Amino acid sequence: MGRWALDVAFVWKAVLTLGLVLLYYCFSIGITFYNKWLTKSFHFPLFMTMLHLAVIFLFSALSRALVQCSSHRARVVLSWTDYLRRVAPTALATALDVGLSNWSFLYITVSLYTMTKSSAVLFILIFSLIFKLEELRAALVLVVLLIAGGLFMFTYKSTQFNVEGFALVLGASFIGGIRWTLTQILLQKADLGLQNPIDTMFHLQPLMFLGLFPLFAIFEGLHLSTSEKIFRFQDTGLLLWVLGSLLLGGILAFGLGFSEFLLVSRTSSLTLSIAGIFKEVCTLLLAAHLLGDQISLLNWLGFALCLSGISLHVALKALHSRGDGGPKLSKGQGPSADLELLLRNSQKEEDDDDDEYFVTQGPQ
């Protein structure tokens, strides 16, 4: 009877993990193809991103309110001093990362975007060394060489290569390295109380919106104000379709962050990292099949080389975590309690895996 119960528990755990991974894939892959699809007909990616930020803020505020009503515990609200001094740098880097990433879809294919965005791990490692969050080791040098070499092979003689789009997404990856390094530092400050991703999203979105607004005003403001798709609309149906499409993107963006939260809370950050590697493979295969992206044998070899570097990095992080546990957060600050209130039947997970959540993932 005991053995049977253990088998049932194992199967249930496996099914639950698979379901959470598939949910994460739906949102993550879905928003990538959504961004490419929408920018084909709606050439205002910065405005699209700003609207998504507003939707994420509203959903995170609603989630905080629901949790607060259920737990009767006040959610963290930072002072203006902490907000502007500690959160603003992370918010600005995040805004530029997401904004430039979405902007690049005007020029490049999904496959080139996916491959180049994978290089964010390279910049994360570099900035982690600069900020002394990582120690220089021979294995890390190998990771850097594998990812850089894979990126070169994937872009070499690519028939669908676009310099402007590649520069945008590579710039986003570079800023992404700063973003995730600053995010790790932010989340390790237990006194701020932002270990819960819902609270983090709630505090980041307003500053991200303000950070993107100057770029939007310079590059899209005039064109959008004279566009018949928004402000000078003549067809109400077309306006509602555009607004509905933009709202869908905001829902996908919030769902992506929350699905990552669920996956890490119920499994581990290592599961999310491994799932992320296979997600890149699925994205490339779908891009080649559905969108007709042309990927040569050399490009595939470069992608495999890059993935091997990312896989090595994930394995090193797992070994390091098992060895000394990595940086710890105060107990009780992890997202497990809030997840239990949201799901009504959640089981408390270890906090040690949760604090690495943001470090292992790149942006949408």
# chains A, B, ... in the order shown; residues from 1 in each chain; ligands from 1
>>> closest_atom_pairs(of="segment 83-172 of chain A", to="segment 293-301 of chain A", cutoff="12 Å", atoms="only C-alpha atoms", output="Markdown table")
| residue | atom | partner | partner_atom | distance |
| --- | --- | --- | --- | --- |
| A:Ile108 | CA | A:Asp293 | CA | 10.1 |
| A:Thr109 | CA | A:Asp293 | CA | 6.7 |
| A:Val110 | CA | A:Asp293 | CA | 7.6 |
| A:Ser111 | CA | A:Asp293 | CA | 6.7 |
| A:Leu112 | CA | A:Asp293 | CA | 8.8 |
| A:Tyr113 | CA | A:Asp293 | CA | 11.2 |
| A:Thr114 | CA | A:Asp293 | CA | 11.8 |
| A:Met115 | CA | A:Asn299 | CA | 9.5 |
| A:Thr116 | CA | A:Asn299 | CA | 11.8 |
| A:Leu146 | CA | A:Leu301 | CA | 11.4 |
| A:Ile147 | CA | A:Leu301 | CA | 11.7 |
| A:Gly149 | CA | A:Leu301 | CA | 10.2 |
| A:Gly150 | CA | A:Leu301 | CA | 7.4 |
| A:Leu151 | CA | A:Asn299 | CA | 8.7 |
| A:Phe152 | CA | A:Asn299 | CA | 8.9 |
| A:Met153 | CA | A:Asn299 | CA | 5.8 |
| A:Phe154 | CA | A:Asn299 | CA | 3.9 |
| A:Thr155 | CA | A:Asn299 | CA | 6.9 |
| A:Tyr156 | CA | A:Asn299 | CA | 7.5 |
| A:Lys157 | CA | A:Asn299 | CA | 8.8 |
| A:Ser158 | CA | A:Asn299 | CA | 7.6 |
| A:Thr159 | CA | A:Gln294 | CA | 7.2 |
| A:Gln160 | CA | A:Gln294 | CA | 7.1 |
| A:Phe161 | CA | A:Gln294 | CA | 10.1 |
>>> write_last_selection(atoms="N, CA, C and O atoms", output="short mmCIF file (atom, residue, chain, number, x, y, z; two decimals), in the first residue's frame")
data_model
loop_
_atom_site.label_atom_id
_atom_site.label_comp_id
_atom_site.auth_asym_id
_atom_site.auth_seq_id
_atom_site.Cartn_x
_atom_site.Cartn_y
_atom_site.Cartn_z
N ILE A 108 13.73 41.43 -38.05
CA ILE A 108 14.38 40.11 -38.09
C ILE A 108 13.35 38.99 -37.92
O ILE A 108 12.21 39.22 -37.50
N THR A 109 13.79 37.79 -38.22
CA THR A 109 12.95 36.61 -38.10
C THR A 109 12.91 36.13 -36.65
O THR A 109 13.74 36.51 -35.82
N VAL A 110 11.94 35.28 -36.38
CA VAL A 110 11.82 34.71 -35.03
C VAL A 110 13.03 33.86 -34.70
O VAL A 110 13.53 33.87 -33.56
N SER A 111 13.56 33.13 -35.70
CA SER A 111 14.71 32.25 -35.44
C SER A 111 15.95 33.06 -35.07
O SER A 111 16.67 32.72 -34.11
N LEU A 112 16.23 34.15 -35.81
CA LEU A 112 17.39 34.97 -35.48
C LEU A 112 17.20 35.67 -34.14
O LEU A 112 18.15 35.79 -33.35
N TYR A 113 15.98 36.09 -33.86
CA TYR A 113 15.69 36.71 -32.55
C TYR A 113 15.94 35.71 -31.42
O TYR A 113 16.59 36.04 -30.42
N THR A 114 15.42 34.50 -31.57
CA THR A 114 15.56 33.48 -30.53
C THR A 114 17.02 33.16 -30.26
O THR A 114 17.46 33.08 -29.10
N MET A 115 17.79 32.98 -31.34
CA MET A 115 19.19 32.63 -31.19
C MET A 115 19.97 33.77 -30.54
O MET A 115 20.75 33.56 -29.60
N THR A 116 19.77 34.99 -31.01
CA THR A 116 20.53 36.12 -30.49
C THR A 116 20.13 36.41 -29.05
O THR A 116 20.98 36.74 -28.21
N LEU A 146 31.63 29.01 -25.92
CA LEU A 146 30.62 28.20 -26.62
C LEU A 146 29.46 29.06 -27.11
O LEU A 146 29.02 28.94 -28.25
N ILE A 147 28.96 29.94 -26.24
CA ILE A 147 27.82 30.76 -26.63
C ILE A 147 28.22 31.76 -27.71
O ILE A 147 27.49 31.96 -28.70
N GLY A 149 30.74 31.54 -29.85
CA GLY A 149 30.99 30.82 -31.10
C GLY A 149 29.71 30.36 -31.77
O GLY A 149 29.58 30.44 -32.99
N GLY A 150 28.76 29.89 -30.98
CA GLY A 150 27.48 29.48 -31.54
C GLY A 150 26.73 30.63 -32.17
O GLY A 150 26.13 30.48 -33.24
N LEU A 151 26.76 31.80 -31.52
CA LEU A 151 26.09 32.98 -32.08
C LEU A 151 26.73 33.38 -33.41
O LEU A 151 26.02 33.73 -34.37
N PHE A 152 28.05 33.33 -33.50
CA PHE A 152 28.74 33.66 -34.75
C PHE A 152 28.34 32.69 -35.86
O PHE A 152 28.06 33.10 -36.99
N MET A 153 28.33 31.40 -35.56
CA MET A 153 27.99 30.40 -36.58
C MET A 153 26.54 30.54 -37.03
O MET A 153 26.23 30.32 -38.21
N PHE A 154 25.64 30.91 -36.11
CA PHE A 154 24.23 31.01 -36.49
C PHE A 154 23.99 32.20 -37.41
O PHE A 154 23.13 32.14 -38.30
N THR A 155 24.71 33.30 -37.19
CA THR A 155 24.49 34.51 -37.99
C THR A 155 25.36 34.54 -39.24
O THR A 155 25.12 35.35 -40.14
N TYR A 156 26.38 33.66 -39.34
CA TYR A 156 27.31 33.69 -40.46
C TYR A 156 26.60 33.27 -41.75
O TYR A 156 26.02 32.19 -41.85
N LYS A 157 26.65 34.16 -42.74
CA LYS A 157 26.04 33.92 -44.06
C LYS A 157 24.57 33.54 -43.95
O LYS A 157 24.05 32.75 -44.76
N SER A 158 23.86 34.09 -42.97
CA SER A 158 22.42 33.85 -42.87
C SER A 158 21.70 34.60 -43.98
O SER A 158 21.93 35.80 -44.19
N THR A 159 20.84 33.92 -44.70
CA THR A 159 20.15 34.53 -45.84
C THR A 159 19.09 35.53 -45.40
O THR A 159 18.65 36.36 -46.20
N GLN A 160 18.64 35.47 -44.15
CA GLN A 160 17.60 36.37 -43.66
C GLN A 160 18.16 37.30 -42.57
O GLN A 160 17.45 37.75 -41.70
N PHE A 161 19.46 37.59 -42.68
CA PHE A 161 20.12 38.43 -41.69
C PHE A 161 19.82 39.91 -41.96
O PHE A 161 19.85 40.36 -43.11
#
>>> residues_around(residues="Leu51 of chain A", least_positions_apart="2", cutoff="9 Å", atoms="only C-alpha atoms", output="count of residues only")
13
>>> atom_distance(atom1="atom CA of His313 of chain A", atom2="atom CA of Ala139 of chain A")
8.3 Å
>>> atom_distance(atom1="atom CA of Arg64 of chain A", atom2="atom CA of Leu256 of chain A")
17.1 Å
>>> closest_residue(among="A:Leu96, A:Ala288, A:Arg3, A:Ile175", to="Pro214 of chain A", atoms="only C-alpha atoms")
A:Leu96
>>> closest_residue(among="A:Gly255, A:Gly244, A:Gly193, A:Gly309", to="Ala74 of chain A", atoms="only C-alpha atoms")
A:Gly193
